[in-house]
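Here's the structure, in structure tokens; my notes come after.
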Protein chains: 2
Amino acid sequence: MSKLLDQVVGELSKLPGIGRRTALRLAVHLLRVDREDVGALSESLSRFRNDIKYCGRCNNLSDDDLCPICSDPHRDRGVVCVVEQVKDVISIENTRQYNGLYHVLGGIISPMQGIAPSDLKIDLLLENIAQGGIREVILALNTSIEGETTAFYITRRLAAQTGEESEVPVRISSIARGIGFGDELDYADELTIAHAIHNRTTL
Amino acid sequence: MSKLLDQVVGELSKLPGIGRRTALRLAVHLLRVDREDVGALSESLSRFRNDIKYCGRCNNLSDDDLCPICSDPHRDRGVVCVVEQVKDVISIENTRQYNGLYHVLGGIISPMQGIAPSDLKIDLLLENIAQGGIREVILALNTSIEGETTAFYITRRLAAQTGEESEVPVRISSIARGIGFGDELDYADELTIAHAIHNRTTL
């Protein structure tokens with residue numbers, strides 16, 4: 001086999017979810033694409049890896065020291081939505097329904113995977129809140145045991161901090177749980193259905 | 001969203017089978033990988049696109065004017081296996097059961113997709129055969145209508161050429177069709193089963 005082909009297949013198949021067969025298909029596809037376009041792909045990969053930063057305020061991916069959301073004067077700086085990962089920010093932004101700021105933890109507390117609270121950007125969140133101006137912290141974490149643990153840990157730390165240092169209490173909320181629009185009851189798990197019934201809304 | 005992230009997601013999602021969600025997952029994965037490794041991936045992509053050649057004899061992907069198979073003195077130069085694509089060469093090579101040369105057509109005759117015989121490397125195959133030394137041409141094409149059409153076209157052109165110019169007749173064969181090892185009869189199509197019964201082998 002050609003060494004160049006072997007190399008590109010080897011490199012591509014290191015990516016998650018891409019086996020040697022898919023890598024070969026991608027490599028052959030590249031031959032049908034303009035050289036400039038492959039150059040643009042190649043350059044964007046190394047530029048992304050070398051130049052990307054983390055926002056100093058919210059830990060989101062950013063081109064500068066502050067991310068576009070944190071530096072946007074039109075966003076409500078009084079509300080912070082706490083998420084696990086960057087892709088959660090994108091999911092919520094895509095709804096165009098949220099105008100506050102975010103805080104990206106960069107993971108979730110998981111003793112099984114050896115992820116301790118100190119591995120996450122929880123201190124940064126508490127520092128931001130201690131500086132004042134934040135009225136509400138919305139926890140948008142997954143409903144796994146790890147998600148609940150992380151939510152509990154953050155809530156406890158926040159309660160301790162706001163109780164001692166700040167006079168204005170910070171509201172802590174969680175995104176609503178229930179049956180998704182378009183989801184069928186048949187397919188929902190019992191915990192979700194039970195929660196949806198207990199927390200029913202009056203029409 | 002960060003421009004660097006947006007760019008890399010945009011470029012990755014141009015690849016076949018990779019949507020924006022997968023592209024984002026790949027981008028986030030790159031952040032956990034060493035910079036040198038992302039550099040190696042990036043470099044291998046553009047090097048592959050810019051420096052890869054096609055073997056002047058068999059049209060396989062190659063680093064040099066002749067591919068490693070065509071320039072290997074231990075291969076049997078009297079047998080040529082005709083395949084549609086580069087990945088077919090790799091599939092057959094992986095069996096380690098074939099010691100002849102290959103000929104990569106670079107596609108298959110398909111009037112529906114506007115691919116004519118002149119778009120394929122059929123003339124190069126006929127030239128190689130006209131130079132003598134080839135005893136057998138094995139057609140390893142798919143059993144689609146396009147595959148059968150291509151096989152028929154090549155057979156007719158070869159018959160015309162060997163009849164006129166060469167004294168030694170070239171044997172034309174096709175790879176065996178039948179039920180694959182480990183395949184169940186339940187799942188095989190009727191054409192394959194019928195063929196497998198007609199062409200049964202004596203034990």
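Identifiers for the structure tokens are assigned positionally: chains receive A, B, ... in sequence, residues are indexed from 1 per chain, and ligands are indexed from 1 in the order shown.
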Rows by chain and residue number, chain B within 6 Å of chain A, shortest pair, only C-alpha atoms, as a tab-separated table:
residue	atom	partner	partner_atom	distance
B:Ser2	CA	A:Ser62	CA	5.0
B:Leu4	CA	A:Phe48	CA	5.4
B:Val8	CA	A:Ser44	CA	5.2
B:Glu11	CA	A:Leu41	CA	5.3
B:Gly39	CA	A:Ser46	CA	5.6
B:Leu41	CA	A:Glu11	CA	5.3
B:Ser42	CA	A:Ser42	CA	4.4
B:Ser44	CA	A:Val8	CA	5.2
B:Leu45	CA	A:Val8	CA	5.9
B:Ser46	CA	A:Gly39	CA	5.7
B:Phe48	CA	A:Leu4	CA	5.3
B:Ser62	CA	A:Ser2	CA	5.0
B:Asp63	CA	A:Ser2	CA	5.6
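The residue set within 10 Å of range 115-117 of chain A, counting only C-alpha atoms and dropping same-chain residues fewer than 6 places from it, reads Leu105, Gly107, Ile108, Ile109, Asp123, Glu146, Thr150, Tyr153 and Ile154 of chain A.
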Hey, what does DSSP flag as strand (DSSP E) within range 37-96 of chain A? Can you give it to me as a PyMOL selection string?
-> chain A and resi 53-54+61-62+76-83
Just-selected residues, N, CA and C atoms written as a PDB file, in the first residue's frame:
ATOM      1  N   LYS A  53      -8.697  28.930  22.882  1.00  0.00           N
ATOM      2  CA  LYS A  53      -8.508  29.222  24.303  1.00  0.00           C
ATOM      3  C   LYS A  53      -9.773  28.842  25.071  1.00  0.00           C
ATOM      4  N   TYR A  54      -9.670  28.913  26.392  1.00  0.00           N
ATOM      5  CA  TYR A  54     -10.861  28.739  27.223  1.00  0.00           C
ATOM      6  C   TYR A  54     -11.203  30.095  27.811  1.00  0.00           C
ATOM      7  N   LEU A  61     -15.190  27.302  25.092  1.00  0.00           N
ATOM      8  CA  LEU A  61     -14.149  27.471  24.084  1.00  0.00           C
ATOM      9  C   LEU A  61     -14.244  28.879  23.528  1.00  0.00           C
ATOM     10  N   SER A  62     -13.080  29.474  23.252  1.00  0.00           N
ATOM     11  CA  SER A  62     -13.076  30.879  22.853  1.00  0.00           C
ATOM     12  C   SER A  62     -11.857  31.190  22.000  1.00  0.00           C
ATOM     13  N   ASP A  76     -27.875  38.918  29.448  1.00  0.00           N
ATOM     14  CA  ASP A  76     -28.222  39.163  30.856  1.00  0.00           C
ATOM     15  C   ASP A  76     -27.141  38.558  31.743  1.00  0.00           C
ATOM     16  N   ARG A  77     -26.357  39.416  32.397  1.00  0.00           N
ATOM     17  CA  ARG A  77     -25.232  38.941  33.207  1.00  0.00           C
ATOM     18  C   ARG A  77     -25.689  38.484  34.593  1.00  0.00           C
ATOM     19  N   GLY A  78     -26.998  38.539  34.844  1.00  0.00           N
ATOM     20  CA  GLY A  78     -27.517  38.146  36.147  1.00  0.00           C
ATOM     21  C   GLY A  78     -27.897  36.680  36.229  1.00  0.00           C
ATOM     22  N   VAL A  79     -27.882  35.998  35.092  1.00  0.00           N
ATOM     23  CA  VAL A  79     -28.271  34.583  35.072  1.00  0.00           C
ATOM     24  C   VAL A  79     -27.127  33.754  34.492  1.00  0.00           C
ATOM     25  N   VAL A  80     -26.778  32.656  35.177  1.00  0.00           N
ATOM     26  CA  VAL A  80     -25.706  31.778  34.699  1.00  0.00           C
ATOM     27  C   VAL A  80     -26.250  30.362  34.583  1.00  0.00           C
ATOM     28  N   CYS A  81     -26.116  29.766  33.407  1.00  0.00           N
ATOM     29  CA  CYS A  81     -26.559  28.390  33.193  1.00  0.00           C
ATOM     30  C   CYS A  81     -25.345  27.473  33.249  1.00  0.00           C
ATOM     31  N   VAL A  82     -25.336  26.556  34.202  1.00  0.00           N
ATOM     32  CA  VAL A  82     -24.187  25.681  34.422  1.00  0.00           C
ATOM     33  C   VAL A  82     -24.362  24.393  33.611  1.00  0.00           C
ATOM     34  N   VAL A  83     -23.412  24.113  32.718  1.00  0.00           N
ATOM     35  CA  VAL A  83     -23.485  22.900  31.881  1.00  0.00           C
ATOM     36  C   VAL A  83     -22.209  22.095  32.012  1.00  0.00           C
TER      37      VAL A  83
END
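Counting only C-alpha atoms and comparing A:Leu191, A:Ala196, A:Leu203, A:Leu185, the residue that lies closest to Ser144 in chain A is A:Leu191.
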When DSSP works through the backbone of this structure, what residues of range 63-195 of chain B end up as helix (DSSP H, G or I), shown as a count of residues only?
-> 54
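Note that CA of Ala140 in chain A and CA of Asn94 in chain A are 14.9 Å apart.
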Could you name the residues that touch Leu126 in chain A at 12 Å or less, counting only C-alpha atoms, but leaving out those on the same chain fewer than 5 positions away, as a PyMOL selection string?
-> chain A and resi 57-58+80+82+103+105+120-121+131-132+134+137+153-162+165-166+170
Thr192 in chain A environment, 7 Å, only C-alpha atoms, sequence neighbours closer than 3 positions dropped, as a PyMOL selection string | chain A and resi 178-179+188-189+195-196
